[in-house]
Number of protein chains: 2
Amino acid sequence: VVIVGVGLIGGSIGQAVRALGLAERVVGMGRDRERLGEAQRLGAIDEATTDPARAFESAEVAVICTPVDRIVEDARSAVRLGPEGMLVTDAGSTKRKIVEALEADDDARLKFVGAHPIAGSERSGAPHARADLFAGRACVITSTTRTAEDRLARCRAFWGALGCRLVEMSPDAHDRALALSSHLPHVVSSALAATIPLKALPLAAGAYRDATRVAAADAGLWSAIFRVNREPVVSAIEEFQSHLVELKQAILADDDQAIRALWESGKRRRAHFEET
Amino acid sequence: VVIVGVGLIGGSIGQAVRALGLAERVVGMGRDRERLGEAQRLGAIDEATTDPARAFESAEVAVICTPVDRIVEDARSAVRLGPEGMLVTDAGSTKRKIVEALEADDDARLKFVGAHPIAGSERSGAPHARADLFAGRACVITSTTRTAEDRLARCRAFWGALGCRLVEMSPDAHDRALALSSHLPHVVSSALAATIPLKALPLAAGAYRDATRVAAADAGLWSAIFRVNREPVVSAIEEFQSHLVELKQAILADDDQAIRALWESGKRRRAHFEET
């Protein structure tokens, strides 16, 4: 198994694959020798290389765990340099553009199956990696009519072996759902953190802390996700803006019944999340 | 010590006062016999009554822990029925209207000192009360030039004994700061929970969970806070809306630099919170 990008997700995959004995050897591939060395010291990979030819030449599975704006390029490199029988999958938070780009190319189409294990965190880097990061977490597999059946079966087996609960949907449906369930909460969290002035922070407590937690995530990673998934993210923001305006209008109108009704509708949906 | 309203805050005050031996007797006063009985069984109060005359006749301290739209009335009842030397304080999340109403009345002005221990939760009710709820938490004391000096000193001593870190500011400054640090995160959390459709919830994870946690709080409690603190809350929402629009425009413009700059500004403020 070759892991491209040994951050939180890539490092956790390496730890899980090694802990579960799912591969003979886990090779970490990247551009930064220091980060690779750290991942190796932390037990996330057996060996490290910055040379794609060496990394992919005998790979059975390549998992691309780089930021979403680099996945297509890294997957193409794996496809070009790896053996015929290899599976290439990824862990990107957006899917439509990645899958479209790779399926447009016949070599890549035959080896690639898109995936997204939903297990991020505001923390990044191999030091936060954990072998059980994927246990019980959803992993969306976004096969299309053009995906090779045998690689799809191997892709399901790979993510399933890491403990993921598999969910299958189209790349497009994935991107629209994730824009709402993950990208929007990140946008809102960041805008909220930017709004609250330093002088109010000594009076902030749990509501602030939790609502802004993911605003501490990596800027480059999230800028790439918002840009690659632009249209669904902007639609989700607009949907949110209209709910926010409704609640603001109810407060302005001093309308207890309307405020309570809007509040209850959010509370009911939230309760549904806790139950599932 | 008489506690009016034995929910999460009132129940926790009772447990703390009893655990620390700060009073000879803790009396719970309320309208609902069942809730009072429960608070007594849970050890939050020594005795319970629904009769204000009996509750206040020999009270040294009365702490009003009812929803913000009932505090003025309940504090007036304590002032009217209690002895000359009593201290009346409260735990309300808004201060200007409460303090103004009580200071307009000379009897109340001489006994009342407004306070707000910042220690709420999305949970409510005595079953979630804890004696250490206030340990290390900020408690804002909102005295004015009209507050009686001796009661102010006793109010500081009371909240300090519960483990609170005391912060003093005007009722107005309190309301503007809390609109940003607490009421706004609640508004945003609720609107976010209302936006995300049920079908996207199986793909929601940590970002959703934390950003919407307080949307599970009590509707009536929060409707009252938003209405009593309307102007500062609406200003805070508008401030947030302009940060959100900026981020949306940067995403629409596919402007990596602008997205990163806005993200970093939220991240820096958030880091400041973690450091303090």
# chains A, B, ... in the order shown; residues from 1 in each chain; ligands from 1

call {"tool": "residues_around", "arguments": {"residues": "Ile251 in chain B", "least_positions_apart": "4", "cutoff": "9 Å", "atoms": "only C-alpha atoms", "output": "ChimeraX atom specification"}}
result
/A:223,226-227,230,233-234 /B:246-247,255-256,258-259

call {"tool": "closest_residue", "arguments": {"among": "A:Ala224, A:Leu166, A:Val2, A:Val27", "to": "Asp90 in chain A", "atoms": "only C-alpha atoms"}}
result
A:Val2

call {"tool": "closest_atom_pairs", "arguments": {"of": "range 140-217 of chain A", "to": "range 120-135 of chain B", "cutoff": "10 Å", "atoms": "only C-alpha atoms", "output": "Markdown table"}}
result
| residue | atom | partner | partner_atom | distance |
| --- | --- | --- | --- | --- |
| A:Ala205 | CA | B:Gly120 | CA | 8.5 |
| A:Gly206 | CA | B:Ser121 | CA | 7.3 |
| A:Ala207 | CA | B:Ser121 | CA | 7.9 |

call {"tool": "residues_around", "arguments": {"residues": "range 66-69 of chain A", "least_positions_apart": "6", "cutoff": "12 Å", "atoms": "only C-alpha atoms", "output": "PyMOL selection string"}}
result
(chain A and resi 3-11+28-31+75+89-99+101+114-116+124-125+218-229) or (chain B and resi 256)

call {"tool": "residues_around", "arguments": {"residues": "Leu198 in chain B", "least_positions_apart": "3", "cutoff": "12 Å", "atoms": "only C-alpha atoms", "output": "number ranges by chain"}}
result
A: 177, 180-181, 265-266, 268-276; B: 193-195, 201-204

call {"tool": "write_last_selection", "arguments": {"atoms": "N, CA, C and O atoms", "output": "mmCIF file, in the first residue's frame"}}
result
data_model
loop_
_atom_site.group_PDB
_atom_site.id
_atom_site.type_symbol
_atom_site.label_atom_id
_atom_site.label_comp_id
_atom_site.auth_asym_id
_atom_site.auth_seq_id
_atom_site.Cartn_x
_atom_site.Cartn_y
_atom_site.Cartn_z
ATOM 1 N N ALA A 177 -24.262 16.936 -0.810
ATOM 2 C CA ALA A 177 -24.514 16.554 0.594
ATOM 3 C C ALA A 177 -23.401 17.069 1.505
ATOM 4 O O ALA A 177 -23.672 17.625 2.575
ATOM 5 N N LEU A 180 -23.393 20.734 2.459
ATOM 6 C CA LEU A 180 -24.295 21.042 3.578
ATOM 7 C C LEU A 180 -23.796 20.475 4.900
ATOM 8 O O LEU A 180 -23.790 21.168 5.917
ATOM 9 N N SER A 181 -23.376 19.221 4.903
ATOM 10 C CA SER A 181 -23.087 18.558 6.181
ATOM 11 C C SER A 181 -21.710 18.899 6.740
ATOM 12 O O SER A 181 -21.479 18.773 7.934
ATOM 13 N N SER A 265 -37.384 23.989 14.919
ATOM 14 C CA SER A 265 -37.096 23.254 13.683
ATOM 15 C C SER A 265 -35.610 22.871 13.630
ATOM 16 O O SER A 265 -35.257 21.769 13.213
ATOM 17 N N GLY A 266 -34.728 23.751 14.095
ATOM 18 C CA GLY A 266 -33.308 23.394 14.178
ATOM 19 C C GLY A 266 -33.084 22.297 15.222
ATOM 20 O O GLY A 266 -32.331 21.350 14.983
ATOM 21 N N ARG A 268 -35.150 19.991 16.277
ATOM 22 C CA ARG A 268 -35.643 18.687 15.820
ATOM 23 C C ARG A 268 -34.647 18.003 14.889
ATOM 24 O O ARG A 268 -34.385 16.818 14.996
ATOM 25 N N ARG A 269 -34.081 18.772 13.953
ATOM 26 C CA ARG A 269 -33.114 18.164 13.027
ATOM 27 C C ARG A 269 -31.869 17.710 13.765
ATOM 28 O O ARG A 269 -31.311 16.659 13.498
ATOM 29 N N ARG A 270 -31.456 18.520 14.707
ATOM 30 C CA ARG A 270 -30.273 18.197 15.498
ATOM 31 C C ARG A 270 -30.515 16.914 16.309
ATOM 32 O O ARG A 270 -29.636 16.074 16.446
ATOM 33 N N ALA A 271 -31.739 16.762 16.840
ATOM 34 C CA ALA A 271 -32.075 15.570 17.633
ATOM 35 C C ALA A 271 -31.982 14.329 16.740
ATOM 36 O O ALA A 271 -31.557 13.261 17.173
ATOM 37 N N HIS A 272 -32.384 14.475 15.483
ATOM 38 C CA HIS A 272 -32.329 13.392 14.520
ATOM 39 C C HIS A 272 -30.881 12.934 14.309
ATOM 40 O O HIS A 272 -30.603 11.739 14.196
ATOM 41 N N PHE A 273 -29.967 13.885 14.276
ATOM 42 C CA PHE A 273 -28.536 13.549 14.139
ATOM 43 C C PHE A 273 -28.070 12.730 15.339
ATOM 44 O O PHE A 273 -27.375 11.723 15.185
ATOM 45 N N GLU A 274 -28.455 13.138 16.545
ATOM 46 C CA GLU A 274 -28.030 12.423 17.753
ATOM 47 C C GLU A 274 -28.568 10.989 17.764
ATOM 48 O O GLU A 274 -27.938 10.088 18.313
ATOM 49 N N GLU A 275 -29.754 10.807 17.159
ATOM 50 C CA GLU A 275 -30.385 9.480 17.191
ATOM 51 C C GLU A 275 -29.770 8.513 16.186
ATOM 52 O O GLU A 275 -29.952 7.312 16.307
ATOM 53 N N THR A 276 -29.101 9.060 15.179
ATOM 54 C CA THR A 276 -28.590 8.176 14.116
ATOM 55 C C THR A 276 -27.127 7.835 14.316
ATOM 56 O O THR A 276 -26.471 8.378 15.180
ATOM 57 N N ALA B 193 -28.437 24.415 12.171
ATOM 58 C CA ALA B 193 -29.140 23.140 12.376
ATOM 59 C C ALA B 193 -30.412 23.081 11.540
ATOM 60 O O ALA B 193 -30.770 22.029 11.016
ATOM 61 N N ALA B 194 -31.082 24.238 11.382
ATOM 62 C CA ALA B 194 -32.314 24.268 10.595
ATOM 63 C C ALA B 194 -32.036 24.141 9.095
ATOM 64 O O ALA B 194 -32.903 23.731 8.332
ATOM 65 N N THR B 195 -30.830 24.516 8.671
ATOM 66 C CA THR B 195 -30.491 24.507 7.238
ATOM 67 C C THR B 195 -30.205 23.107 6.717
ATOM 68 O O THR B 195 -30.541 22.784 5.574
ATOM 69 N N LEU B 201 -27.677 14.231 6.951
ATOM 70 C CA LEU B 201 -27.154 13.949 8.297
ATOM 71 C C LEU B 201 -26.302 12.678 8.411
ATOM 72 O O LEU B 201 -25.356 12.660 9.205
ATOM 73 N N PRO B 202 -26.615 11.617 7.632
ATOM 74 C CA PRO B 202 -25.729 10.439 7.746
ATOM 75 C C PRO B 202 -24.290 10.752 7.330
ATOM 76 O O PRO B 202 -23.374 10.008 7.654
ATOM 77 N N LEU B 203 -24.089 11.858 6.614
ATOM 78 C CA LEU B 203 -22.735 12.248 6.206
ATOM 79 C C LEU B 203 -22.193 13.392 7.059
ATOM 80 O O LEU B 203 -21.184 14.012 6.723
ATOM 81 N N ALA B 204 -22.868 13.708 8.140
ATOM 82 C CA ALA B 204 -22.378 14.766 9.027
ATOM 83 C C ALA B 204 -21.465 14.153 10.078
ATOM 84 O O ALA B 204 -21.660 13.014 10.485
#

call {"tool": "closest_residue", "arguments": {"among": "B:Ala138, B:Ala157, B:Leu162, B:Leu152", "to": "chain A", "atoms": "only C-alpha atoms"}}
result
B:Ala138
